[in-house]
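Next up, data_22.cif (mmCIF, C-alpha atoms and all ligand atoms):
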```cif
data_query
loop_
_atom_site.label_atom_id
_atom_site.label_comp_id
_atom_site.auth_asym_id
_atom_site.auth_seq_id
_atom_site.Cartn_x
_atom_site.Cartn_y
_atom_site.Cartn_z
CA MET A 599 -26.99 -23.26 17.40
CA SER A 600 -23.78 -23.25 19.40
CA GLU A 601 -22.01 -19.91 19.42
CA GLN A 602 -18.25 -19.83 19.68
CA SER A 603 -16.81 -16.85 21.56
CA TYR A 604 -13.62 -15.17 20.35
CA LEU A 605 -11.06 -12.77 21.73
CA LEU A 606 -9.11 -10.98 18.98
CA LYS A 607 -6.12 -10.11 21.10
CA GLY A 608 -3.87 -7.18 20.32
CA ALA A 609 -5.67 -6.06 17.15
CA THR A 610 -5.17 -2.57 15.74
CA LEU A 611 -8.37 -0.65 15.06
CA PRO A 612 -8.71 1.55 11.93
CA SER A 613 -8.01 4.55 14.16
CA GLY A 614 -4.63 3.06 15.05
CA ALA A 615 -5.64 2.29 18.63
CA GLY A 616 -4.94 -1.15 20.08
CA ALA A 617 -7.85 -3.36 21.12
CA ASP A 618 -8.78 -6.79 22.44
CA ILE A 619 -12.03 -7.46 20.64
CA LEU A 620 -14.31 -9.82 22.57
CA ILE A 621 -17.03 -11.48 20.48
CA GLU A 622 -19.83 -13.33 22.26
CA GLY A 623 -23.26 -14.40 21.05
CA GLY A 624 -22.64 -12.89 17.63
CA ARG A 625 -21.94 -9.44 19.08
CA ILE A 626 -18.96 -7.34 20.01
CA VAL A 627 -18.98 -7.29 23.78
CA SER A 628 -15.89 -5.25 24.53
CA THR A 629 -12.87 -3.70 22.83
CA GLU A 630 -10.99 -2.87 26.00
CA THR A 631 -7.44 -4.14 26.18
CA GLY A 632 -6.78 -6.57 28.98
CA ALA A 633 -10.46 -7.10 29.86
CA GLY A 634 -11.25 -10.46 31.44
CA HIS A 635 -13.01 -13.27 29.59
CA GLY A 636 -14.34 -16.76 30.16
CA ALA A 637 -12.28 -19.92 29.74
CA ASP A 638 -14.27 -21.13 26.73
CA VAL A 639 -13.19 -18.21 24.58
CA ALA A 640 -11.04 -18.95 21.51
CA VAL A 641 -8.12 -16.52 21.60
CA VAL A 642 -6.93 -15.26 18.20
CA ASP A 643 -3.48 -13.70 18.20
CA ALA A 644 -4.20 -10.46 16.36
CA ASP A 645 -0.84 -8.86 17.09
CA GLY A 646 0.19 -6.96 13.95
CA LEU A 647 -3.25 -7.42 12.38
CA VAL A 648 -5.58 -4.56 11.47
CA ALA A 649 -9.24 -5.03 12.42
CA LEU A 650 -11.68 -3.54 9.95
CA PRO A 651 -15.47 -3.58 10.00
CA GLY A 652 -16.73 -6.40 7.76
CA LEU A 653 -16.37 -5.31 4.15
CA VAL A 654 -19.51 -4.51 2.15
CA ASP A 655 -19.55 -4.92 -1.63
CA LEU A 656 -22.22 -2.87 -3.36
CA HIS A 657 -21.49 -4.51 -6.72
CA THR A 658 -21.13 -8.31 -6.94
CA HIS A 659 -22.25 -10.65 -9.70
CA LEU A 660 -23.28 -13.92 -8.03
CA ARG A 661 -24.72 -15.29 -11.32
CA GLU A 662 -27.46 -17.37 -9.68
CA PRO A 663 -30.09 -18.06 -10.94
CA GLY A 664 -29.16 -18.98 -14.47
CA PHE A 665 -25.40 -18.88 -14.82
CA GLU A 666 -24.38 -21.41 -12.19
CA GLN A 667 -21.49 -22.62 -14.35
CA SER A 668 -19.85 -19.23 -13.62
CA GLU A 669 -20.79 -18.76 -9.95
CA THR A 670 -23.49 -19.57 -7.42
CA VAL A 671 -24.65 -17.70 -4.34
CA LEU A 672 -22.76 -20.28 -2.27
CA THR A 673 -19.46 -20.15 -4.19
CA GLY A 674 -19.63 -16.37 -4.58
CA THR A 675 -20.23 -15.77 -0.88
CA ARG A 676 -17.37 -18.15 -0.04
CA ALA A 677 -15.16 -15.96 -2.25
CA ALA A 678 -16.59 -12.95 -0.41
CA ALA A 679 -15.74 -14.38 3.01
CA ALA A 680 -12.22 -15.18 1.81
CA GLY A 681 -11.88 -11.55 0.75
CA GLY A 682 -13.08 -10.14 4.08
CA PHE A 683 -16.63 -9.30 2.95
CA THR A 684 -19.56 -9.83 5.30
CA ALA A 685 -22.23 -8.39 2.99
CA VAL A 686 -22.62 -8.31 -0.77
CA PHE A 687 -25.19 -6.69 -3.01
CA ALA A 688 -26.02 -9.14 -5.79
CA MET A 689 -26.43 -7.65 -9.25
CA ALA A 690 -29.62 -8.29 -11.18
CA ASN A 691 -28.24 -9.59 -14.51
CA THR A 692 -29.16 -13.20 -13.81
CA LEU A 693 -31.49 -15.55 -15.73
CA PRO A 694 -34.29 -14.93 -14.98
CA VAL A 695 -33.33 -11.32 -14.38
CA ALA A 696 -33.93 -10.13 -10.82
CA ASP A 697 -36.86 -7.96 -11.90
CA THR A 698 -39.59 -9.48 -9.70
CA ALA A 699 -40.16 -9.95 -5.98
CA GLY A 700 -39.93 -13.71 -6.50
CA VAL A 701 -36.40 -13.66 -7.88
CA VAL A 702 -34.97 -11.22 -5.32
CA GLU A 703 -36.51 -13.24 -2.48
CA GLN A 704 -34.99 -16.40 -3.93
CA VAL A 705 -31.51 -14.84 -4.11
CA GLN A 706 -31.75 -13.57 -0.57
CA ALA A 707 -32.90 -16.99 0.67
CA LEU A 708 -29.99 -18.70 -1.08
CA GLY A 709 -27.64 -16.30 0.72
CA ARG A 710 -29.19 -17.08 4.09
CA ALA A 711 -28.97 -20.83 3.45
CA ALA A 712 -25.29 -20.62 2.47
CA GLY A 713 -24.41 -18.68 5.63
CA TYR A 714 -21.16 -17.00 4.53
CA ALA A 715 -22.32 -13.41 4.17
CA THR A 716 -25.39 -11.21 4.13
CA VAL A 717 -26.76 -11.17 0.58
CA ARG A 718 -28.82 -8.15 -0.42
CA PRO A 719 -30.32 -8.48 -3.90
CA ILE A 720 -30.27 -5.58 -6.32
CA GLY A 721 -33.42 -5.25 -8.42
CA ALA A 722 -33.43 -4.56 -12.15
CA VAL A 723 -34.62 -1.12 -13.24
CA THR A 724 -36.28 -2.40 -16.40
CA VAL A 725 -38.03 -5.65 -17.27
CA GLY A 726 -35.47 -8.21 -18.42
CA LEU A 727 -32.84 -5.42 -18.51
CA GLY A 728 -34.56 -4.58 -21.78
CA GLY A 729 -34.45 -0.83 -21.24
CA GLU A 730 -38.07 -0.40 -22.30
CA ARG A 731 -40.43 -0.84 -19.35
CA LEU A 732 -39.88 -0.25 -15.64
CA SER A 733 -39.74 -3.45 -13.61
CA GLU A 734 -41.91 -3.98 -10.53
CA ILE A 735 -39.70 -1.72 -8.43
CA GLY A 736 -42.30 -1.16 -5.72
CA ALA A 737 -43.01 -4.88 -5.26
CA MET A 738 -39.29 -5.62 -4.91
CA ALA A 739 -38.90 -2.80 -2.38
CA GLN A 740 -41.83 -4.11 -0.33
CA SER A 741 -40.83 -7.77 -0.63
CA ARG A 742 -39.07 -9.67 2.15
CA ALA A 743 -35.83 -8.79 0.37
CA GLY A 744 -36.54 -5.08 1.01
CA VAL A 745 -34.63 -4.01 -2.09
CA ARG A 746 -33.19 -0.49 -1.94
CA VAL A 747 -30.71 -0.58 -4.83
CA PHE A 748 -31.87 -0.89 -8.43
CA SER A 749 -29.62 -1.36 -11.43
CA ASP A 750 -29.60 -2.66 -15.00
CA ASP A 751 -25.85 -3.16 -14.58
CA GLY A 752 -24.24 -4.70 -17.61
CA LYS A 753 -26.55 -2.40 -19.53
CA CYS A 754 -27.12 1.33 -19.31
CA VAL A 755 -30.57 2.74 -18.61
CA HIS A 756 -30.28 4.79 -21.77
CA ASP A 757 -33.80 6.15 -22.23
CA SER A 758 -33.84 9.47 -20.36
CA LEU A 759 -37.58 9.36 -19.66
CA LEU A 760 -37.31 5.87 -18.15
CA MET A 761 -34.35 7.02 -16.08
CA ARG A 762 -36.36 9.98 -14.84
CA ARG A 763 -39.32 7.74 -13.91
CA ALA A 764 -37.04 5.26 -12.14
CA LEU A 765 -35.50 8.06 -10.07
CA GLU A 766 -38.97 9.38 -9.19
CA TYR A 767 -40.08 5.91 -8.13
CA VAL A 768 -37.13 5.05 -5.84
CA LYS A 769 -37.33 8.48 -4.26
CA THR A 770 -40.62 7.48 -2.63
CA PHE A 771 -38.92 4.86 -0.44
CA ASP A 772 -35.37 6.24 -0.21
CA GLY A 773 -34.00 3.83 -2.81
CA VAL A 774 -31.19 4.51 -5.24
CA ILE A 775 -30.58 3.89 -8.93
CA ALA A 776 -27.11 2.51 -9.64
CA GLN A 777 -26.31 3.41 -13.21
CA HIS A 778 -23.96 1.52 -15.54
CA ALA A 779 -22.96 4.63 -17.48
CA GLN A 780 -22.33 3.61 -21.07
CA ASP A 781 -23.86 5.26 -24.11
CA PRO A 782 -24.74 2.21 -26.23
CA ARG A 783 -24.45 4.00 -29.57
CA LEU A 784 -20.97 5.34 -28.81
CA THR A 785 -19.76 1.89 -27.77
CA GLU A 786 -21.16 -0.50 -30.36
CA ASN A 787 -18.72 -3.44 -30.59
CA ALA A 788 -16.22 -1.45 -28.53
CA GLN A 789 -13.35 -3.55 -27.21
CA MET A 790 -10.99 -1.29 -25.25
CA ASN A 791 -10.33 2.33 -24.28
CA GLU A 792 -10.37 4.58 -27.35
CA GLY A 793 -7.04 6.25 -28.00
CA ALA A 794 -3.62 5.80 -29.56
CA LEU A 795 -3.30 2.27 -28.18
CA SER A 796 -6.63 1.04 -29.57
CA SER A 797 -5.54 2.29 -33.01
CA GLU A 798 -2.18 0.60 -32.64
CA LEU A 799 -3.70 -2.72 -31.53
CA GLY A 800 -6.49 -2.56 -34.11
CA LEU A 801 -9.26 -2.90 -31.53
CA LYS A 802 -12.50 -0.90 -31.66
CA GLY A 803 -12.30 2.04 -29.26
CA TRP A 804 -14.56 2.85 -26.31
CA PRO A 805 -14.41 6.60 -25.82
CA ALA A 806 -14.36 8.19 -22.38
CA VAL A 807 -17.22 10.44 -23.48
CA ALA A 808 -19.53 7.41 -23.70
CA GLU A 809 -19.30 7.18 -19.91
CA GLU A 810 -19.01 10.86 -19.06
CA SER A 811 -22.00 12.02 -21.14
CA ILE A 812 -24.35 9.58 -19.38
CA ILE A 813 -23.06 10.61 -15.95
CA ALA A 814 -23.56 14.28 -16.84
CA ARG A 815 -27.12 13.64 -18.00
CA ASP A 816 -27.98 11.53 -14.98
CA VAL A 817 -26.66 13.90 -12.31
CA LEU A 818 -28.85 16.58 -13.90
CA LEU A 819 -31.83 14.22 -13.85
CA ALA A 820 -31.13 13.34 -10.21
CA GLU A 821 -31.01 17.04 -9.40
CA HIS A 822 -34.27 17.66 -11.22
CA VAL A 823 -36.06 14.80 -9.47
CA GLY A 824 -34.32 15.23 -6.11
CA ALA A 825 -33.54 11.52 -5.93
CA ARG A 826 -30.47 9.47 -5.06
CA LEU A 827 -28.22 8.36 -7.91
CA HIS A 828 -25.20 6.08 -7.71
CA ILE A 829 -22.71 5.71 -10.54
CA CYS A 830 -21.13 2.27 -10.96
CA HIS A 831 -17.47 1.71 -11.82
CA LEU A 832 -16.15 5.18 -12.78
CA SER A 833 -13.20 4.75 -15.09
CA THR A 834 -12.12 8.14 -16.46
CA ALA A 835 -10.65 11.39 -15.18
CA GLY A 836 -13.51 13.23 -16.91
CA SER A 837 -16.09 11.22 -14.95
CA VAL A 838 -14.40 12.33 -11.74
CA ASP A 839 -14.70 15.97 -12.87
CA VAL A 840 -18.43 15.58 -13.52
CA ILE A 841 -19.04 13.95 -10.12
CA ARG A 842 -16.99 16.64 -8.39
CA TRP A 843 -19.09 19.33 -10.10
CA ALA A 844 -22.34 17.57 -9.19
CA LYS A 845 -21.40 17.18 -5.55
CA ALA A 846 -20.39 20.83 -5.31
CA ARG A 847 -23.88 21.66 -6.55
CA GLY A 848 -25.44 19.55 -3.81
CA ILE A 849 -26.77 16.81 -6.07
CA GLN A 850 -27.41 13.51 -4.26
CA VAL A 851 -24.93 11.45 -6.24
CA THR A 852 -22.48 8.83 -5.02
CA ALA A 853 -19.74 7.21 -7.06
CA GLU A 854 -17.85 3.97 -7.13
CA ALA A 855 -14.48 2.81 -8.44
CA THR A 856 -13.35 -0.78 -8.80
CA PRO A 857 -10.01 -2.05 -7.50
CA HIS A 858 -8.90 -2.88 -11.06
CA HIS A 859 -9.50 0.64 -12.33
CA LEU A 860 -7.32 1.87 -9.46
CA LEU A 861 -4.36 -0.35 -10.36
CA LEU A 862 -4.38 -1.58 -13.95
CA THR A 863 -4.04 0.31 -17.23
CA GLU A 864 -4.83 -0.39 -20.88
CA GLU A 865 -1.14 -1.16 -21.51
CA LEU A 866 -1.84 -4.72 -20.28
CA ILE A 867 -4.00 -5.29 -23.36
CA ARG A 868 -0.86 -5.46 -25.50
CA SER A 869 -0.80 -9.11 -24.39
CA TYR A 870 -4.27 -9.67 -25.89
CA ASP A 871 -4.94 -11.67 -22.71
CA ALA A 872 -8.72 -11.55 -22.25
CA ARG A 873 -8.40 -11.55 -18.46
CA TYR A 874 -7.88 -7.80 -18.95
CA LYS A 875 -11.11 -7.37 -20.85
CA VAL A 876 -13.62 -5.60 -18.67
CA ASN A 877 -16.52 -3.17 -18.82
CA PRO A 878 -15.78 -0.28 -18.57
CA PRO A 879 -12.37 -0.87 -20.12
CA LEU A 880 -9.02 -0.35 -18.42
CA ARG A 881 -7.96 3.22 -19.15
CA ARG A 882 -4.77 5.35 -19.19
CA ASP A 883 -2.40 6.00 -16.33
CA GLU A 884 -3.78 9.57 -16.02
CA ASP A 885 -7.22 8.11 -15.38
CA VAL A 886 -5.91 5.72 -12.72
CA GLN A 887 -4.21 8.64 -10.96
CA ALA A 888 -7.36 10.77 -11.11
CA LEU A 889 -9.48 7.93 -9.69
CA ARG A 890 -7.01 7.36 -6.85
CA GLU A 891 -7.05 11.04 -5.91
CA ALA A 892 -10.84 11.08 -6.09
CA VAL A 893 -11.08 8.15 -3.65
CA ALA A 894 -8.64 9.91 -1.34
CA ASP A 895 -10.56 13.21 -1.35
CA GLY A 896 -14.02 11.61 -1.11
CA THR A 897 -15.27 12.52 -4.60
CA ILE A 898 -15.51 8.78 -5.16
CA ASP A 899 -17.43 7.43 -2.16
CA ILE A 900 -16.79 3.73 -2.36
CA ILE A 901 -14.74 0.94 -3.84
CA ALA A 902 -16.81 -1.98 -5.14
CA THR A 903 -15.43 -5.13 -6.71
CA ASP A 904 -17.70 -5.65 -9.75
CA HIS A 905 -16.78 -9.32 -9.19
CA ALA A 906 -17.76 -10.73 -12.61
CA PRO A 907 -17.04 -14.45 -12.92
CA HIS A 908 -16.89 -16.06 -16.35
CA PRO A 909 -16.08 -19.65 -17.29
CA ARG A 910 -12.80 -20.55 -18.96
CA GLU A 911 -14.28 -20.86 -22.45
CA ALA A 912 -15.60 -17.28 -22.29
CA LYS A 913 -12.08 -15.97 -21.65
CA GLU A 914 -9.76 -18.35 -23.44
CA CYS A 915 -10.62 -17.16 -26.90
CA GLU A 916 -9.69 -14.29 -29.18
CA TRP A 917 -10.08 -10.81 -27.70
CA ASP A 918 -13.17 -9.71 -29.64
CA ALA A 919 -15.11 -12.86 -28.72
CA ALA A 920 -14.21 -12.88 -25.01
CA ALA A 921 -16.63 -11.86 -22.25
CA PHE A 922 -16.18 -8.64 -20.27
CA GLY A 923 -15.42 -9.01 -16.56
CA MET A 924 -12.99 -10.03 -13.84
CA VAL A 925 -13.39 -11.77 -10.51
CA GLY A 926 -12.46 -9.46 -7.67
CA LEU A 927 -13.70 -10.43 -4.21
CA GLU A 928 -10.55 -12.13 -2.92
CA SER A 929 -8.15 -9.58 -4.42
CA ALA A 930 -10.03 -6.38 -3.49
CA LEU A 931 -8.37 -5.62 -0.19
CA PRO A 932 -4.83 -6.49 -1.36
CA VAL A 933 -5.31 -4.29 -4.43
CA VAL A 934 -6.67 -1.42 -2.35
CA GLN A 935 -3.74 -1.72 0.03
CA THR A 936 -1.28 -1.81 -2.89
CA ALA A 937 -2.86 1.10 -4.80
CA LEU A 938 -3.96 3.38 -1.98
CA VAL A 939 -2.55 2.48 1.44
CA ASP A 940 1.03 1.67 0.47
CA THR A 941 1.08 4.85 -1.64
CA GLY A 942 -0.02 6.99 1.32
CA LEU A 943 -3.32 8.08 -0.25
CA LEU A 944 -5.60 6.32 2.26
CA ASP A 945 -5.20 5.24 5.88
CA TRP A 946 -7.04 2.25 7.38
CA ALA A 947 -9.86 4.47 8.59
CA GLY A 948 -10.25 5.53 4.96
CA VAL A 949 -10.29 1.89 3.85
CA ALA A 950 -13.02 1.16 6.41
CA ARG A 951 -14.98 4.10 5.00
CA VAL A 952 -14.77 3.21 1.30
CA LEU A 953 -15.07 -0.58 1.66
CA SER A 954 -17.56 -0.82 4.51
CA GLN A 955 -19.25 2.22 6.02
CA ALA A 956 -20.06 4.16 2.85
CA PRO A 957 -21.31 1.21 0.75
CA ALA A 958 -23.51 0.08 3.66
CA ALA A 959 -24.95 3.58 3.93
CA ILE A 960 -25.64 3.89 0.20
CA GLY A 961 -27.34 0.47 0.12
CA ARG A 962 -29.28 1.22 3.35
CA LEU A 963 -27.85 -1.93 4.88
CA ASP A 964 -29.43 -1.46 8.27
CA GLY A 965 -28.15 -3.45 11.19
CA HIS A 966 -24.77 -4.23 9.65
CA THR A 967 -22.07 -2.91 11.94
CA HIS A 968 -19.22 -0.71 10.90
CA ALA A 969 -17.91 0.45 14.20
CA PHE A 970 -16.37 -1.46 17.02
CA GLU A 971 -19.00 -0.55 19.54
CA PRO A 972 -20.03 -2.93 22.31
CA GLY A 973 -23.43 -4.42 21.55
CA SER A 974 -23.13 -4.21 17.79
CA ALA A 975 -23.17 -7.23 15.48
CA ALA A 976 -19.71 -8.77 15.14
CA ASN A 977 -18.91 -8.21 11.48
CA VAL A 978 -15.14 -8.00 11.58
CA VAL A 979 -12.18 -8.73 9.35
CA LEU A 980 -8.56 -9.13 10.43
CA VAL A 981 -5.95 -8.17 7.85
CA ASP A 982 -2.22 -8.77 7.91
CA PRO A 983 -0.86 -5.67 6.15
CA ALA A 984 2.74 -6.92 6.34
CA ALA A 985 2.06 -10.01 4.23
CA SER A 986 3.05 -9.48 0.63
CA SER A 987 2.67 -12.44 -1.67
CA VAL A 988 2.11 -13.69 -5.17
CA PHE A 989 -1.60 -13.91 -5.90
CA ASP A 990 -2.19 -17.46 -7.08
CA LEU A 991 -5.06 -19.83 -7.84
CA GLU A 992 -5.19 -20.98 -4.22
CA ARG A 993 -6.45 -17.54 -3.28
CA LEU A 994 -9.57 -17.98 -5.45
CA HIS A 995 -12.62 -19.71 -3.95
CA GLY A 996 -15.36 -18.99 -6.47
CA ARG A 997 -16.27 -21.13 -9.46
CA SER A 998 -14.39 -19.03 -12.03
CA GLN A 999 -10.75 -18.05 -12.23
CA ASN A 1000 -10.74 -14.97 -14.46
CA SER A 1001 -8.54 -12.88 -12.18
CA PRO A 1002 -6.14 -10.36 -13.74
CA TYR A 1003 -3.84 -10.64 -10.72
CA LEU A 1004 -2.76 -14.29 -11.01
CA GLY A 1005 1.03 -14.24 -10.80
CA ALA A 1006 1.19 -10.65 -9.53
CA THR A 1007 2.58 -9.64 -6.15
CA LEU A 1008 0.04 -7.83 -3.96
CA SER A 1009 0.30 -6.42 -0.44
CA GLY A 1010 -1.69 -7.64 2.52
CA SER A 1011 -3.68 -10.71 3.28
CA VAL A 1012 -7.08 -11.31 4.86
CA ARG A 1013 -6.68 -13.75 7.77
CA TRP A 1014 -10.01 -13.87 9.59
CA THR A 1015 -13.56 -12.88 8.70
CA PHE A 1016 -16.41 -12.87 11.22
CA HIS A 1017 -19.98 -12.63 9.98
CA GLU A 1018 -22.34 -11.92 12.88
CA GLY A 1019 -19.82 -13.56 15.19
CA PHE A 1020 -19.39 -16.69 13.06
CA ALA A 1021 -15.86 -17.17 11.73
CA THR A 1022 -16.33 -17.64 7.98
CA LEU A 1023 -12.54 -17.41 7.45
CA ARG A 1024 -10.13 -18.85 10.05
CA ASP A 1025 -6.52 -17.90 9.68
CA GLY A 1026 -6.92 -18.05 5.91
CA VAL A 1027 -9.10 -21.19 5.83
CA LEU A 1028 -12.80 -21.03 4.93
CA ALA A 1029 -15.34 -22.49 7.34
CA PRO A 1030 -16.77 -25.83 6.13
CA VAL A 1031 -19.93 -25.51 4.03
CA ALA A 1032 -22.01 -27.62 6.41
CA GLU A 1033 -20.97 -25.55 9.43
CA ALA A 1034 -21.86 -22.25 7.73
CA ALA A 1035 -25.22 -23.63 6.61
CA VAL A 1036 -26.51 -24.80 9.98
CA ARG A 1037 -25.55 -21.87 12.12
N1 LIG B 1101 -17.98 -5.58 -15.56
C1 LIG B 1101 -18.03 -6.43 -16.55
O1 LIG B 1101 -17.14 -6.43 -17.38
N2 LIG B 1101 -19.01 -7.33 -16.67
C2 LIG B 1101 -20.19 -7.45 -15.84
C3 LIG B 1101 -21.23 -6.45 -16.20
C4 LIG B 1101 -20.95 -5.05 -15.72
O2 LIG B 1101 -20.54 -4.85 -14.56
O3 LIG B 1101 -21.17 -4.09 -16.45
C5 LIG B 1101 -20.75 -8.86 -15.99
O4 LIG B 1101 -21.88 -9.11 -15.57
O5 LIG B 1101 -20.01 -9.74 -16.46
ZN ZN B 1102 -21.47 -2.40 -15.18
ZN ZN B 1103 -21.11 -5.20 -12.78
#
```

Translate the structure of the given file into structure tokens.
Ligand SMILES: NC(=O)N[C@@H](CC(=O)O)C(=O)O
Ligand SMILES: [Zn+2]
Ligand SMILES: [Zn+2]
Amino acid sequence: MSEQSYLLKGATLPSGAGADILIEGGRIVSTETGAGHGADVAVVDADGLVALPGLVDLHTHLREPGFEQSETVLTGTRAAAAGGFTAVFAMANTLPVADTAGVVEQVQALGRAAGYATVRPIGAVTVGLGGERLSEIGAMAQSRAGVRVFSDDGKCVHDSLLMRRALEYVKTFDGVIAQHAQDPRLTENAQMNEGALSSELGLKGWPAVAEESIIARDVLLAEHVGARLHICHLSTAGSVDVIRWAKARGIQVTAEATPHHLLLTEELIRSYDARYKVNPPLRRDEDVQALREAVADGTIDIIATDHAPHPREAKECEWDAAAFGMVGLESALPVVQTALVDTGLLDWAGVARVLSQAPAAIGRLDGHTHAFEPGSAANVVLVDPAASSVFDLERLHGRSQNSPYLGATLSGSVRWTFHEGFATLRDGVLAPVAEAAVR
């Protein structure tokens, strides 16, 4: 395999310091400005660009196996590379469900073969996401995929005894349960946030308490067991309060917010445009503000995309019949810049923390680099923060186009992505499939 060397000249590190980042043999060799380099090095003009550690998404739906009409590991990781991601954790709600060592090993192998990003499979907590019997958690942990994150995402692990047993199990190997917090009884047929607007629009409400009550129960279970718990896609101010309380008590809980819950509100649903239909639902402006502050003060540890591709026919239908979910890999960084950086709530070091360092730590993604230290693997993204543009279809590289941002103006643009020294995105252009596959 031939390894191209790169010099990212005049980049700005998350700390604000200037750097010439020299990448050779898949590693960062030096970040010293003005250091010498060989003649065969490709020089990238990074003047005005911010260098971040490769982004890590703890919550991606790659849909393969089983739902390849929505996304595949290849198309999803191409979308990831376009968005600046160098590692994604693939959710288990595939067909078959990722509840055996065989399926998680298959997903990981597909990621390796595609070559655009590190793919770490998430294992299901219960067999077939059925919520009744624990899946073979130990076998998935010991498999070649070395699964550390387990989730029934899309469904809540509602049975408290099963949740307790799952926490006890993952504790033995330092794993984590990522809970989709949704009380199923309180949300039967629910279509949008419960409140004045759901009454006005005549759509069945999804109360905040359906999320908050599960989080409250689960932080107490995590405390009782002494295990790690992660809460997926927080969407309400009340959820933030519960997490803040749990952390103050020393409970090992981490929390995630999605870009869309940090920018969009339920008001968009007045259009009845199903691109805005998502689980958990878009909430009120007060909730968005509370989530933003919680990311800024560290109560919410990470931002994860919950990239959820769906084919056209699942979205171009009446609201009640439409699928829940939005694609989010390519828009994540622009949305985070728009919602948090441009508003002064987060600096670039904070962005590196919530989109790279913290998710890698929660998922125990060993060996993936999040600092610009010589000798470490070259997982790097270059962002142009001054570019503000209309988000259009050309920005999407996955198989589905259910983005809520089409036509909206967002700040910032990802220019280059390096995965272990290989340029998966080159000044906005994805590396050819064949090149990524043979490296
Ligand atoms: N977020 C969504 O609205 N949908 C996700 C499931 C999930 O993340 O709960 C999906 O798999 O489509
Ligand atoms: Zn979910
Ligand atoms: Zn999800």

Exercise for the section: Give as JSON, numbers by chain the residues surrounding ligand LIG 1101 (chain B) up to a distance of 7 Å, considering all atoms listed in the file. Expected result: {"A": [659, 691, 751, 752, 753, 778, 876, 877, 878, 904, 906, 907, 922, 923, 924]}

Practice task
Record the distance separating atom CA of A:Pro719 and atom CA of A:Met689, expressed in Å with one decimal.
Solution key: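 Separation between atom CA of A:Pro719 and atom CA of A:Met689: 6.7 Å.
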
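Residue nearest ligand ZN 1102 (chain B), chosen from A:Ser668, A:Asn787, A:Thr897, A:Thr903 and counting only C-alpha atoms and all ligand atoms: A:Thr903.
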
Exercise for the section: Pick out the residues sitting within 7 Å of A:Thr670, and hand them over as a list of chain:residue names; count only C-alpha atoms, and ignore anything fewer than 3 positions along from it in its own chain. Expected result: A:Leu660, A:Arg661, A:Glu662, A:Glu666, A:Thr673, A:Gly674

Could you write those residues out with C-alpha atoms, as a short mmCIF file (atom, residue, chain, number, x, y, z; two decimals), in the frame of the given file?
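Output (result.cif):
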```
data_model
loop_
_atom_site.label_atom_id
_atom_site.label_comp_id
_atom_site.auth_asym_id
_atom_site.auth_seq_id
_atom_site.Cartn_x
_atom_site.Cartn_y
_atom_site.Cartn_z
CA LEU A 660 -23.28 -13.92 -8.03
CA ARG A 661 -24.72 -15.29 -11.32
CA GLU A 662 -27.46 -17.37 -9.68
CA GLU A 666 -24.38 -21.41 -12.19
CA THR A 673 -19.46 -20.15 -4.19
CA GLY A 674 -19.63 -16.37 -4.58
#
```

Exercise for the section: Determine, counting only C-alpha atoms, which protein, DNA and RNA residues have an atom within 8 Å of an atom of stretch 789-793 of chain A; residues of the same chain fewer than 4 positions away are not included. Present the result as a list in words. Expected result: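 Those residues are Ser797, Leu801, Lys802, Gly803, Trp804, Pro805, Ala806, Glu864, Lys875, Pro879, Leu880, Arg881, Trp917 and Asp918 of chain A.
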
Per residue of stretch 612-716 of chain A within 8 Å of stretch 728-747 of chain A, what are the shortest atom pair and its distance in Å to one decimal, counting only C-alpha atoms, with rows by chain and residue number, as a Markdown table?
```
| residue | atom | partner | partner_atom | distance |
| --- | --- | --- | --- | --- |
| A:Asp697 | CA | A:Ser733 | CA | 5.6 |
| A:Thr698 | CA | A:Glu734 | CA | 6.0 |
| A:Ala699 | CA | A:Met738 | CA | 4.5 |
| A:Val702 | CA | A:Ala743 | CA | 6.2 |
| A:Glu703 | CA | A:Ala743 | CA | 5.3 |
| A:Gln706 | CA | A:Ala743 | CA | 6.4 |
```

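Minimum atom-to-atom distance to A:Gly726, evaluated using only C-alpha atoms, belongs to A:Ala696 out of A:Ala696, A:Leu944, A:Leu708, A:Leu994.
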
Exercise for the section: Find the residues around A:Val648 up to 7 Å (all atoms listed in the file counted), leave out those fewer than 4 positions away in its own chain, and share them as a ChimeraX atom specification. Expected result: /A:609-612,980-982

Can those selected residues be exported to a file as a compact mmCIF listing (two decimals), in the coordinates of the input so that it contains C-alpha atoms?
```
# COMPACT_ATOMS: atom_id res chain seq x y z
CA ALA A 609 -5.67 -6.06 17.15
CA THR A 610 -5.17 -2.57 15.74
CA LEU A 611 -8.37 -0.65 15.06
CA PRO A 612 -8.71 1.55 11.93
CA LEU A 980 -8.56 -9.13 10.43
CA VAL A 981 -5.95 -8.17 7.85
CA ASP A 982 -2.22 -8.77 7.91
```

Problem - Top pick for closest residue to A:Leu656, considering A:Ala920, A:Val774, A:Val823, A:Ala902 and counting only C-alpha atoms - result: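 Closest to A:Leu656, using only C-alpha atoms: A:Ala902.
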